[in-house]
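Below is one structure; the comments refer to it alone.
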Amino acid sequence: LEEMGLTPQIIDRFFPERERFIKEWEDYDLVVANTLITYEAVHVLNGSDIPVLWWLHEGMQYFQYFKSVIPDFNELGENVHPYAVSPYVKAVVKDIYGCDIPMLHFAVDGYNGNSEEHYKERADKIRFLTAGTFSKIKGQDVLVQAIRMLPAEYIGKTEFSFCGNEACVDEDVYGSVCRLAEEYDNVNMLHQLTRQDTMKQMELADCLIVPSRVEPLPTVAIEMMMTGGVVMCTNVCGISYYIEDGKNGLVVDADNPYALAENIMKITDERNQLEQMGKESRITYESHFSREAVEPDMLGVIEGLMGKSEHKRIILFV
């Protein structure tokens with residue numbers, strides 16, 4: 001933000017000084033409250049004359065955790081406009097509050113490679129990559145169980161690499177991956193990588209596995225699609241709504257190592273289909289998550305809420 005010429009402020013609480021904040025914000029054309037945990041700012045602004053775009057990215061467990069403090073969606077003022085980042089989040093709000101809110105995707109870009117080159121050079125082994133913070137939610141422990149279930153012939157035909165944020169990990173999950181890497185020659189622990197290095201690993205991988213137990217919309221899956229790679233994700237992932245199993249990716253049951261192992265073997269046996277699936281995956285990215293696809297919708301929503309004022313002022317809460 002500072003590089004863009006913007007000056008961020010860190011504010012711990014809003015509600016105790018709501019009158020002061022309302023006065024400060026009344027000259028703004030729009031407030032963007034990003035994620036569920038900006039609920040306190042939404043409380044302050046609810047019912048005011050200031051338009052609010054409340055962009056929701058969270059899974060069911062966060063709505064349940066914050067249920068006693070977030071506003072009731074049925075009691076939001078006309079100035080507050082909630083949007084869901086994926087069909088999964090949309091379904092969560094519908095299930096809890098009975099409200100049907102619209103969707104607004106985010107875009108992913110920053111890939112400088114050529115997706116057409118993804119499968120030009122093929123290795124003897126099928127290469128699987130898993131990227132994400134080591135936690136129960138991300139489900140790396142389920143993948144560990146699945147790998148241990150693979151028959152010996154598939155261990156010889158596959159290679160698995162793990163990477164992810166290690167600043168704050170679930171020790172049980174992280175430990176299970178470390179032990180697997182020590183015991184299996186075809187398992188690599190890449191540890192924490194930069195985004196660009198992670199995307200280089202995506203280019204080298206045949207398939208990205210997203211074994212999450214909860215995942216509203218995994219950015220890492222969209223990045224794999226951007227590179228022209230194949231994604232195997234669980235059926236709780238928001239991205240699964242855009243995957244036709246076997247055509248542009250694979251969808252497996254969540255928290256089910258048996259199903260995961262079966263699909264790993266299926267991919268290994270049908271490796272000749274990977275290139276076409278990767279091409280279809282790239283088309284899915286371009287259609288739903290590229291800047292060209294998302295930006296018109298996003299600008300349309302923002303301009304619709306702000307009106308046509310010449311000098312637009314926006315507050316962003318993150």
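Ordering of the structure tokens sets the chain letters (A, B, ...); residue numbers start at 1 within each chain; ligands are numbered from 1 in the order shown.
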
Using only C-alpha atoms, tabulate the residues of range 48-85 of chain A lying at most 12 Å from any atom of range 133-157 of chain A, each with its closest atom pair and that distance in Å to one decimal, by chain and increasing residue number, as CSV.
```
residue,atom,partner,partner_atom,distance
A:Gly59,CA,A:Ile137,CA,10.2
A:Met60,CA,A:Ile137,CA,11.7
A:Gln61,CA,A:Ile137,CA,10.1
A:Tyr62,CA,A:Ile137,CA,11.8
```

Next item on the list: Would you please give, as a ChimeraX atom specification, all residues of range 41-278 of chain A that DSSP assigns to strand (DSSP E or B) based on the backbone?
Entry: /A:52-56,80-84,103,126-131,158-163,187-191,207-210,215,230-234,237,245,249-252

Margin query: When you count only C-alpha atoms, which of these residues is closest to Phe160 in chain A: A:Phe66, A:Tyr184, A:Tyr97, A:Tyr119?
Written below: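 The closest residue to Phe160 in chain A is A:Tyr184.
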
Could you make a table, as JSON lines, of the residues of range 270-298 of chain A that have an atom within 10 Å of an atom of range 99-104 of chain A, each with its nearest atom pair and distance in Å to one decimal, counting only C-alpha atoms, in chain and number order?
```
{"residue": "A:Val294", "atom": "CA", "partner": "A:Leu104", "partner_atom": "CA", "distance": 8.0}
{"residue": "A:Asp297", "atom": "CA", "partner": "A:Leu104", "partner_atom": "CA", "distance": 7.5}
{"residue": "A:Met298", "atom": "CA", "partner": "A:Leu104", "partner_atom": "CA", "distance": 6.9}
```

Check: Hey, what does DSSP flag as helix (DSSP H, G or I) within range 84-196 of chain A? Can you give it to me as a PyMOL selection string?
Finding: chain A and resi 87-97+115-117+140-149+152-155+171-183+195-196

Take the residues from that selection and put them in a file with N, CA and C atoms, as a compact mmCIF listing (two decimals), in the first residue's frame.
```txt
# COMPACT_ATOMS: atom_id res chain seq x y z
N PRO A 87 -19.03 -19.71 -4.61
CA PRO A 87 -20.30 -20.39 -4.34
C PRO A 87 -20.34 -21.03 -2.95
N TYR A 88 -19.17 -21.47 -2.47
CA TYR A 88 -19.12 -22.07 -1.13
C TYR A 88 -19.53 -21.06 -0.07
N VAL A 89 -18.96 -19.86 -0.10
CA VAL A 89 -19.29 -18.84 0.89
C VAL A 89 -20.75 -18.41 0.73
N LYS A 90 -21.20 -18.30 -0.47
CA LYS A 90 -22.60 -17.96 -0.75
C LYS A 90 -23.52 -18.99 -0.09
N ALA A 91 -23.17 -20.28 -0.20
CA ALA A 91 -23.99 -21.34 0.38
C ALA A 91 -23.97 -21.30 1.91
N VAL A 92 -22.82 -20.91 2.49
CA VAL A 92 -22.72 -20.81 3.95
C VAL A 92 -23.67 -19.74 4.48
N VAL A 93 -23.66 -18.56 3.85
CA VAL A 93 -24.55 -17.47 4.28
C VAL A 93 -26.01 -17.88 4.11
N LYS A 94 -26.31 -18.56 3.01
CA LYS A 94 -27.67 -19.03 2.77
C LYS A 94 -28.09 -20.03 3.83
N ASP A 95 -27.19 -20.94 4.20
CA ASP A 95 -27.50 -21.97 5.17
C ASP A 95 -27.73 -21.39 6.57
N ILE A 96 -26.90 -20.42 6.97
CA ILE A 96 -27.00 -19.88 8.33
C ILE A 96 -28.10 -18.83 8.45
N TYR A 97 -28.19 -17.92 7.47
CA TYR A 97 -29.08 -16.76 7.61
C TYR A 97 -30.27 -16.78 6.66
N SER A 115 1.79 -21.11 -20.29
CA SER A 115 1.04 -22.29 -19.86
C SER A 115 1.10 -23.41 -20.88
N GLU A 116 1.35 -23.08 -22.15
CA GLU A 116 1.44 -24.11 -23.18
C GLU A 116 2.67 -25.02 -22.98
N GLU A 117 3.64 -24.52 -22.24
CA GLU A 117 4.87 -25.28 -22.03
C GLU A 117 4.78 -26.24 -20.84
N GLN A 140 -3.00 -31.58 5.13
CA GLN A 140 -1.83 -32.33 4.66
C GLN A 140 -1.73 -33.70 5.32
N ASP A 141 -2.25 -33.84 6.54
CA ASP A 141 -2.21 -35.13 7.23
C ASP A 141 -3.05 -36.18 6.50
N VAL A 142 -4.12 -35.74 5.83
CA VAL A 142 -4.94 -36.67 5.04
C VAL A 142 -4.14 -37.17 3.85
N LEU A 143 -3.40 -36.27 3.21
CA LEU A 143 -2.56 -36.67 2.08
C LEU A 143 -1.45 -37.61 2.54
N VAL A 144 -0.88 -37.35 3.72
CA VAL A 144 0.14 -38.25 4.27
C VAL A 144 -0.42 -39.66 4.40
N GLN A 145 -1.63 -39.79 4.94
CA GLN A 145 -2.26 -41.10 5.07
C GLN A 145 -2.47 -41.74 3.71
N ALA A 146 -2.89 -40.94 2.73
CA ALA A 146 -3.14 -41.47 1.39
C ALA A 146 -1.86 -42.00 0.76
N ILE A 147 -0.76 -41.27 0.91
CA ILE A 147 0.52 -41.72 0.34
C ILE A 147 0.96 -43.02 0.98
N ARG A 148 0.76 -43.15 2.27
CA ARG A 148 1.14 -44.39 2.95
C ARG A 148 0.29 -45.58 2.50
N MET A 149 -0.88 -45.32 1.95
CA MET A 149 -1.75 -46.39 1.47
C MET A 149 -1.39 -46.87 0.07
N ALA A 152 3.28 -50.41 -3.53
CA ALA A 152 4.69 -50.16 -3.84
C ALA A 152 4.90 -49.74 -5.29
N GLU A 153 4.13 -50.31 -6.20
CA GLU A 153 4.32 -49.99 -7.62
C GLU A 153 4.03 -48.51 -7.90
N TYR A 154 3.10 -47.91 -7.13
CA TYR A 154 2.77 -46.51 -7.33
C TYR A 154 3.77 -45.60 -6.61
N ILE A 155 4.35 -46.07 -5.55
CA ILE A 155 5.41 -45.30 -4.89
C ILE A 155 6.55 -45.08 -5.87
N GLU A 171 1.64 -28.59 14.80
CA GLU A 171 2.81 -29.45 14.96
C GLU A 171 2.52 -30.89 14.57
N ASP A 172 1.31 -31.38 14.84
CA ASP A 172 0.97 -32.76 14.47
C ASP A 172 0.98 -32.94 12.96
N VAL A 173 0.38 -31.98 12.26
CA VAL A 173 0.33 -32.06 10.79
C VAL A 173 1.72 -31.89 10.20
N TYR A 174 2.43 -30.87 10.66
CA TYR A 174 3.78 -30.61 10.15
C TYR A 174 4.70 -31.81 10.43
N GLY A 175 4.60 -32.36 11.64
CA GLY A 175 5.42 -33.51 12.00
C GLY A 175 5.13 -34.72 11.15
N SER A 176 3.86 -34.93 10.80
CA SER A 176 3.51 -36.09 9.98
C SER A 176 4.12 -35.98 8.59
N VAL A 177 4.19 -34.74 8.04
CA VAL A 177 4.80 -34.55 6.73
C VAL A 177 6.31 -34.75 6.82
N CYS A 178 6.94 -34.22 7.86
CA CYS A 178 8.38 -34.36 8.04
C CYS A 178 8.77 -35.84 8.16
N ARG A 179 8.01 -36.60 8.93
CA ARG A 179 8.30 -38.04 9.10
C ARG A 179 8.14 -38.78 7.78
N LEU A 180 7.12 -38.41 7.02
CA LEU A 180 6.91 -39.04 5.72
C LEU A 180 8.10 -38.78 4.80
N ALA A 181 8.59 -37.54 4.79
CA ALA A 181 9.72 -37.18 3.94
C ALA A 181 10.98 -37.94 4.35
N GLU A 182 11.12 -38.22 5.63
CA GLU A 182 12.28 -38.98 6.11
C GLU A 182 12.19 -40.45 5.72
N GLU A 183 10.99 -40.99 5.67
CA GLU A 183 10.79 -42.42 5.44
C GLU A 183 10.65 -42.78 3.96
N ARG A 195 6.29 -16.74 -3.35
CA ARG A 195 5.22 -17.02 -4.32
C ARG A 195 5.81 -17.42 -5.66
N GLN A 196 6.83 -16.69 -6.12
CA GLN A 196 7.41 -17.00 -7.42
C GLN A 196 8.06 -18.38 -7.43
```

Check: Residues at most 10 Å from Val52 in chain A, counting only C-alpha atoms, excluding those fewer than 3 positions away in the same chain, as a PyMOL selection string?
Finding: chain A and resi 29-33+41-42+45-46+48-49+55+77-82+302+305-306+314-316

Next item on the list: Mind giving me the straight-line distance from CA of Lys312 in chain A to CA of Asn34 in chain A in Å, one decimal?
Entry: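 Separating CA of Lys312 in chain A from CA of Asn34 in chain A is a distance of 18.6 Å.
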
Notebook entry, point to check: Could you state the separation of CA of His191 in chain A and CA of Gly132 in chain A in Å, given to one decimal place?
Noted result: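 Straight-line distance from CA of His191 in chain A to CA of Gly132 in chain A works out to 10.1 Å.
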
Checklist line | Top pick for closest residue to Tyr285 in chain A, considering A:His105, A:Arg18, A:Arg127, A:Lys67 and counting only C-alpha atoms | finding: A:His105

Note to self: Just checking: using only C-alpha atoms, which residue out of A:Ser240, A:Gln192, A:Thr198, A:Asn114 ends up closest to Val214 in chain A?
What the structure shows: A:Ser240
